[in-house]
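Below: upload32.cif (mmCIF, C-alpha atoms)
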data_run
loop_
_atom_site.group_PDB
_atom_site.id
_atom_site.type_symbol
_atom_site.label_atom_id
_atom_site.label_comp_id
_atom_site.auth_asym_id
_atom_site.auth_seq_id
_atom_site.Cartn_x
_atom_site.Cartn_y
_atom_site.Cartn_z
ATOM 1 C CA MET U 101 26.840 -26.002 -149.194
ATOM 2 C CA THR U 102 23.430 -27.445 -150.019
ATOM 3 C CA ILE U 103 20.591 -26.636 -147.650
ATOM 4 C CA LYS U 104 18.155 -29.489 -147.033
ATOM 5 C CA PHE U 105 14.540 -28.672 -147.899
ATOM 6 C CA LEU U 106 12.176 -28.837 -144.927
ATOM 7 C CA PRO U 107 8.585 -29.452 -146.035
ATOM 8 C CA LEU U 108 5.807 -27.762 -144.112
ATOM 9 C CA THR U 109 2.239 -28.898 -143.519
ATOM 10 C CA ALA U 110 -0.550 -26.538 -144.548
ATOM 11 C CA SER U 111 -4.316 -26.269 -144.211
ATOM 12 C CA ILE U 112 -6.343 -24.599 -146.952
ATOM 13 C CA LEU U 113 -9.620 -22.852 -146.159
ATOM 14 C CA VAL U 114 -11.821 -21.844 -149.084
ATOM 15 C CA ILE U 115 -14.097 -19.019 -147.964
ATOM 16 C CA SER U 116 -17.269 -19.145 -150.030
ATOM 17 C CA ASP U 117 -21.039 -19.214 -149.895
ATOM 18 C CA SER U 118 -21.290 -20.919 -153.283
ATOM 19 C CA ARG U 119 -18.287 -23.188 -153.872
ATOM 20 C CA THR U 120 -17.933 -26.846 -152.970
ATOM 21 C CA LEU U 121 -14.759 -28.922 -152.920
ATOM 22 C CA GLU U 122 -15.764 -30.201 -156.354
ATOM 23 C CA THR U 123 -16.282 -26.733 -157.875
ATOM 24 C CA ASP U 124 -13.461 -24.956 -156.032
ATOM 25 C CA LYS U 125 -10.610 -24.129 -158.401
ATOM 26 C CA SER U 126 -8.594 -21.737 -156.240
ATOM 27 C CA GLY U 127 -8.141 -23.995 -153.225
ATOM 28 C CA SER U 128 -7.400 -26.882 -155.553
ATOM 29 C CA LEU U 129 -4.722 -24.794 -157.272
ATOM 30 C CA ILE U 130 -3.162 -23.854 -153.916
ATOM 31 C CA GLU U 131 -3.160 -27.515 -152.862
ATOM 32 C CA SER U 132 -1.512 -28.577 -156.108
ATOM 33 C CA MET U 133 1.139 -25.856 -155.907
ATOM 34 C CA LEU U 134 1.988 -26.754 -152.306
ATOM 35 C CA LYS U 135 2.367 -30.429 -153.174
ATOM 36 C CA VAL U 136 4.459 -29.776 -156.285
ATOM 37 C CA ALA U 137 6.754 -27.610 -154.133
ATOM 38 C CA GLY U 138 7.191 -30.545 -151.735
ATOM 39 C CA HIS U 139 4.908 -29.445 -148.907
ATOM 40 C CA GLU U 140 2.103 -31.460 -147.313
ATOM 41 C CA VAL U 141 -1.574 -30.539 -147.154
ATOM 42 C CA ALA U 142 -3.426 -31.590 -144.014
ATOM 43 C CA GLU U 143 -6.828 -30.463 -145.274
ATOM 44 C CA ARG U 144 -8.720 -28.395 -147.781
ATOM 45 C CA ARG U 145 -12.238 -27.404 -146.841
ATOM 46 C CA VAL U 146 -14.922 -24.904 -147.677
ATOM 47 C CA VAL U 147 -16.012 -22.456 -144.975
ATOM 48 C CA VAL U 148 -19.093 -20.252 -145.229
ATOM 49 C CA ASP U 149 -18.330 -16.533 -145.602
ATOM 50 C CA GLU U 150 -19.271 -15.588 -142.035
ATOM 51 C CA LYS U 151 -16.929 -13.981 -139.549
ATOM 52 C CA GLU U 152 -17.321 -16.477 -136.691
ATOM 53 C CA ALA U 153 -17.179 -19.512 -139.001
ATOM 54 C CA ILE U 154 -13.967 -18.225 -140.600
ATOM 55 C CA ALA U 155 -12.354 -17.474 -137.238
ATOM 56 C CA GLU U 156 -13.310 -20.875 -135.802
ATOM 57 C CA ALA U 157 -12.115 -22.779 -138.877
ATOM 58 C CA THR U 158 -8.808 -20.893 -138.772
ATOM 59 C CA ARG U 159 -8.303 -21.662 -135.079
ATOM 60 C CA GLU U 160 -9.086 -25.345 -135.740
ATOM 61 C CA ALA U 161 -6.791 -25.534 -138.769
ATOM 62 C CA SER U 162 -3.942 -23.837 -136.932
ATOM 63 C CA ALA U 163 -4.336 -26.187 -133.957
ATOM 64 C CA ARG U 164 -4.035 -29.324 -136.100
ATOM 65 C CA GLU U 165 -0.956 -31.376 -135.366
ATOM 66 C CA ARG U 166 2.011 -30.451 -137.589
ATOM 67 C CA VAL U 167 0.177 -27.590 -139.388
ATOM 68 C CA ARG U 168 2.408 -24.522 -139.608
ATOM 69 C CA VAL U 169 0.714 -22.670 -142.480
ATOM 70 C CA VAL U 170 -2.961 -21.810 -142.999
ATOM 71 C CA ILE U 171 -3.932 -20.362 -146.368
ATOM 72 C CA LEU U 172 -7.385 -18.859 -146.802
ATOM 73 C CA THR U 173 -8.746 -17.978 -150.220
ATOM 74 C CA GLY U 174 -11.787 -15.783 -150.701
ATOM 75 C CA GLY U 175 -13.666 -13.151 -148.751
ATOM 76 C CA THR U 176 -10.968 -10.474 -149.065
ATOM 77 C CA GLY U 177 -12.885 -8.073 -151.318
ATOM 78 C CA VAL U 178 -15.007 -5.089 -150.399
ATOM 79 C CA THR U 179 -18.560 -6.405 -150.627
ATOM 80 C CA ARG U 180 -20.773 -6.840 -147.584
ATOM 81 C CA ARG U 181 -20.136 -10.621 -147.504
ATOM 82 C CA ASP U 182 -16.328 -10.254 -147.683
ATOM 83 C CA VAL U 183 -15.311 -10.584 -144.040
ATOM 84 C CA THR U 184 -12.134 -12.678 -144.052
ATOM 85 C CA PRO U 185 -9.818 -9.843 -142.916
ATOM 86 C CA GLU U 186 -12.250 -8.870 -140.130
ATOM 87 C CA ALA U 187 -12.357 -12.492 -138.959
ATOM 88 C CA ILE U 188 -8.604 -13.089 -139.126
ATOM 89 C CA GLU U 189 -6.916 -9.872 -138.025
ATOM 90 C CA PRO U 190 -8.100 -10.106 -134.376
ATOM 91 C CA LEU U 191 -6.594 -13.628 -134.190
ATOM 92 C CA LEU U 192 -3.125 -12.510 -135.266
ATOM 93 C CA ASP U 193 -0.304 -11.961 -132.810
ATOM 94 C CA LYS U 194 1.564 -10.064 -135.526
ATOM 95 C CA VAL U 195 0.274 -8.620 -138.783
ATOM 96 C CA LEU U 196 2.654 -8.742 -141.761
ATOM 97 C CA PRO U 197 1.632 -5.594 -143.672
ATOM 98 C CA GLY U 198 4.280 -6.195 -146.343
ATOM 99 C CA PHE U 199 2.341 -9.209 -147.620
ATOM 100 C CA GLY U 200 -0.740 -7.229 -148.603
ATOM 101 C CA GLU U 201 1.357 -4.340 -149.878
ATOM 102 C CA MET U 202 3.491 -6.611 -152.075
ATOM 103 C CA PHE U 203 0.460 -8.591 -153.260
ATOM 104 C CA ARG U 204 -1.276 -5.433 -154.457
ATOM 105 C CA TRP U 205 1.927 -4.120 -156.035
ATOM 106 C CA LEU U 206 2.417 -7.381 -157.962
ATOM 107 C CA SER U 207 -1.289 -7.507 -158.894
ATOM 108 C CA TRP U 208 -1.044 -4.101 -160.547
ATOM 109 C CA GLU U 209 0.634 -5.722 -163.577
ATOM 110 C CA GLU U 210 -2.345 -8.037 -164.099
ATOM 111 C CA ILE U 211 -5.427 -6.108 -162.988
ATOM 112 C CA GLY U 212 -4.382 -2.460 -162.737
ATOM 113 C CA ALA U 213 -6.322 -0.196 -160.397
ATOM 114 C CA SER U 214 -8.702 -3.024 -159.471
ATOM 115 C CA THR U 215 -5.973 -4.173 -157.080
ATOM 116 C CA LEU U 216 -7.235 -1.455 -154.712
ATOM 117 C CA GLN U 217 -10.178 -3.739 -153.937
ATOM 118 C CA SER U 218 -7.930 -6.488 -152.557
ATOM 119 C CA ARG U 219 -7.537 -6.785 -148.812
ATOM 120 C CA ALA U 220 -4.978 -9.601 -148.929
ATOM 121 C CA LEU U 221 -3.564 -10.124 -145.456
ATOM 122 C CA ALA U 222 -0.966 -12.202 -143.624
ATOM 123 C CA GLY U 223 0.284 -12.622 -140.104
ATOM 124 C CA VAL U 224 1.486 -14.878 -137.345
ATOM 125 C CA MET U 225 -0.955 -16.655 -135.043
ATOM 126 C CA GLU U 226 0.390 -18.710 -132.162
ATOM 127 C CA GLY U 227 3.590 -19.452 -134.087
ATOM 128 C CA ASN U 228 1.861 -20.365 -137.350
ATOM 129 C CA LEU U 229 1.730 -18.426 -140.601
ATOM 130 C CA ILE U 230 -1.692 -17.272 -141.810
ATOM 131 C CA PHE U 231 -2.171 -16.031 -145.378
ATOM 132 C CA CYS U 232 -5.422 -14.588 -146.785
ATOM 133 C CA LEU U 233 -5.641 -14.476 -150.576
ATOM 134 C CA PRO U 234 -8.456 -13.330 -152.848
ATOM 135 C CA GLY U 235 -10.672 -16.061 -154.293
ATOM 136 C CA SER U 236 -9.694 -15.852 -157.967
ATOM 137 C CA THR U 237 -7.340 -18.454 -159.372
ATOM 138 C CA GLY U 238 -5.170 -15.720 -160.878
ATOM 139 C CA ALA U 239 -4.747 -14.063 -157.499
ATOM 140 C CA CYS U 240 -3.993 -17.394 -155.839
ATOM 141 C CA ARG U 241 -1.407 -18.299 -158.456
ATOM 142 C CA LEU U 242 0.269 -14.903 -158.093
ATOM 143 C CA GLY U 243 0.289 -14.992 -154.293
ATOM 144 C CA MET U 244 1.595 -18.534 -154.169
ATOM 145 C CA GLU U 245 4.287 -18.159 -156.866
ATOM 146 C CA LYS U 246 5.639 -14.762 -155.914
ATOM 147 C CA LEU U 247 5.144 -14.579 -152.144
ATOM 148 C CA ILE U 248 4.007 -17.625 -150.205
ATOM 149 C CA LEU U 249 5.997 -20.469 -151.753
ATOM 150 C CA PRO U 250 9.317 -18.603 -151.729
ATOM 151 C CA GLN U 251 8.780 -17.485 -148.141
ATOM 152 C CA ILE U 252 7.788 -20.863 -146.697
ATOM 153 C CA ASP U 253 10.802 -22.521 -148.357
ATOM 154 C CA ASN U 254 13.611 -22.666 -145.816
ATOM 155 C CA ARG U 255 16.181 -22.495 -148.654
ATOM 156 C CA THR U 256 15.119 -18.981 -149.744
ATOM 157 C CA ARG U 257 17.871 -16.483 -149.026
ATOM 158 C CA PRO U 258 18.615 -14.036 -147.545
ATOM 159 C CA CYS U 259 15.707 -14.993 -145.285
ATOM 160 C CA SER U 260 12.383 -16.800 -145.223
ATOM 161 C CA PHE U 261 9.618 -17.684 -142.818
ATOM 162 C CA GLY U 262 10.656 -21.298 -143.331
ATOM 163 C CA THR U 263 13.818 -20.598 -141.340
ATOM 164 C CA LEU U 264 12.048 -18.583 -138.651
ATOM 165 C CA LEU U 265 9.169 -20.896 -137.736
ATOM 166 C CA ASP U 266 10.794 -22.176 -134.565
ATOM 167 C CA ARG U 267 11.182 -18.594 -133.367
ATOM 168 C CA LEU U 268 7.721 -17.244 -134.206
#

Would you write the structure of this file as structure tokens?
Amino acid sequence: MTIKFLPLTASILVISDSRTLETDKSGSLIESMLKVAGHEVAERRVVVDEKEAIAEATREASARERVRVVILTGGTGVTRRDVTPEAIEPLLDKVLPGFGEMFRWLSWEEIGASTLQSRALAGVMEGNLIFCLPGSTGACRLGMEKLILPQIDNRTRPCSFGTLLDRL
């Protein structure tokens, strides 16, 4: 039996004090990967690395009609300006600790002990999936290929978020 693919609509938020849509490679990569996989992208925008701006942009993106997935890239490190997890975690109804754990485990192959500096995060907010990835293109590629794309595809077995969205 063939399972019909159900595309999802996503918003991409690039968290940065220095990038523009023209210079942003990570958000562009995420957008491209989503589209190649058959999903739709409602928006890709740059958001300043400030807690309230990130929280507000995430609420707005999640509230957009048809958006079921919000992917943030950037601001997940350990420097003073990296505040994405602090902005997002209070918004989540459920935190998905396995996402960050698996991301760091997979990152070990590429960056070794530096993976300790990643605070990748995911959760559910008002029935939508929220993913926070580091800002590097390598991290975005890894997170998208190994975790996000397989889990938002309703055909992934034995289970995926794509099949659970109506029950989140």

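Minimum atom-to-atom distance to Ala155 (chain U), evaluated using all atoms listed in the file, belongs to U:Glu186 out of U:Asp117, U:Glu186, U:Glu201, U:Glu140.
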
(message) Considering all atoms listed in the file, can you say which of U:Ile252, U:Leu108, U:Cys259, U:Ile103 comes closest to Arg168 (chain U)?
(response)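 Of the candidates, the smallest distance to Arg168 (chain U) is held by U:Leu108.
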
(request) Go through U:Gly127, U:Pro185, U:Pro190, U:Pro234 one by one, measure the shortest atom-to-atom distance of each to Thr215 (chain U) using all atoms listed in the file, and give the residue with the smallest value. (result)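 When distances to Thr215 (chain U) are compared using all atoms listed in the file, the smallest one comes from U:Pro234.
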
(request) Find the distance between CA of Ala187 (chain U) and CA of Phe199 (chain U) and write it in Å to one decimal. (result)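 Calculated distance between CA of Ala187 (chain U) and CA of Phe199 (chain U) is 17.4 Å.
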
(message) Give me the residues near Met225 (chain U) as an MDAnalysis selection string, where near means some atom within 12 Å (using only C-alpha atoms) and where sequence neighbours in that chain fewer than 4 positions away do not count.
(response) chainID U and resid 155 158:163 167:170 188:196 229:231 265 268

(request) Measure the distance from CA of Leu134 (chain U) to CA of Ser214 (chain U) in Å and round it to one decimal. (result)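 For CA of Leu134 (chain U) relative to CA of Ser214 (chain U), the distance reads 27.0 Å.
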
(request) Quick one: pull the distance between CA of Gly174 (chain U) and CA of Asn228 (chain U), Å, one decimal. (result)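 Here the two named atoms are 19.6 Å from each other.
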
(request) Enumerate, as an MDAnalysis selection string, the residues matched when the PyMOL selection byres ((chain U and resi 137) around 12) is run on the file above. (result) chainID U and resid 105:109 130:136 138:141 244:245 248:254

(message) Let me make sure I understand: among U:Leu247, U:Leu206, U:Val183, U:Leu216, which one has the smallest atom-to-atom distance to Val147 (chain U) if we use all atoms listed in the file?
(response)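 Looking only at the distances to Val147 (chain U), the closest residue turns out to be U:Val183.
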
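Nearest-residue note for Phe261 (chain U): choosing from U:Arg166, U:Arg181, U:Ala142, U:Gly223, the minimum distance belongs to U:Gly223, counting all atoms listed in the file.
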
To test the calculation: enclose all listed atoms of region 159-172 of chain U in a box whose edges run along x, y and z, add 3 Å on each side, then state centre and edge lengths in Å to one decimal, as lines of an AutoDock Vina configuration file.
center_x = -3.3
center_y = -25.1
center_z = -140.4
size_x = 17.5
size_y = 18.5
size_z = 18.8

(message) Could you list, as number ranges by chain, every residue matched by the PyMOL selection byres ((chain U and resi 202) around 12) in this structure?
(response) U: 196-201, 203-209, 215, 218-222, 242-243, 246-248

(message) I need the residue nearest Ala110 (chain U) from this list: U:Glu156, U:Ile171, U:Glu165, U:Thr184. Use all atoms listed in the file for the distance.
(response)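 When distances to Ala110 (chain U) are compared using all atoms listed in the file, the smallest one comes from U:Ile171.
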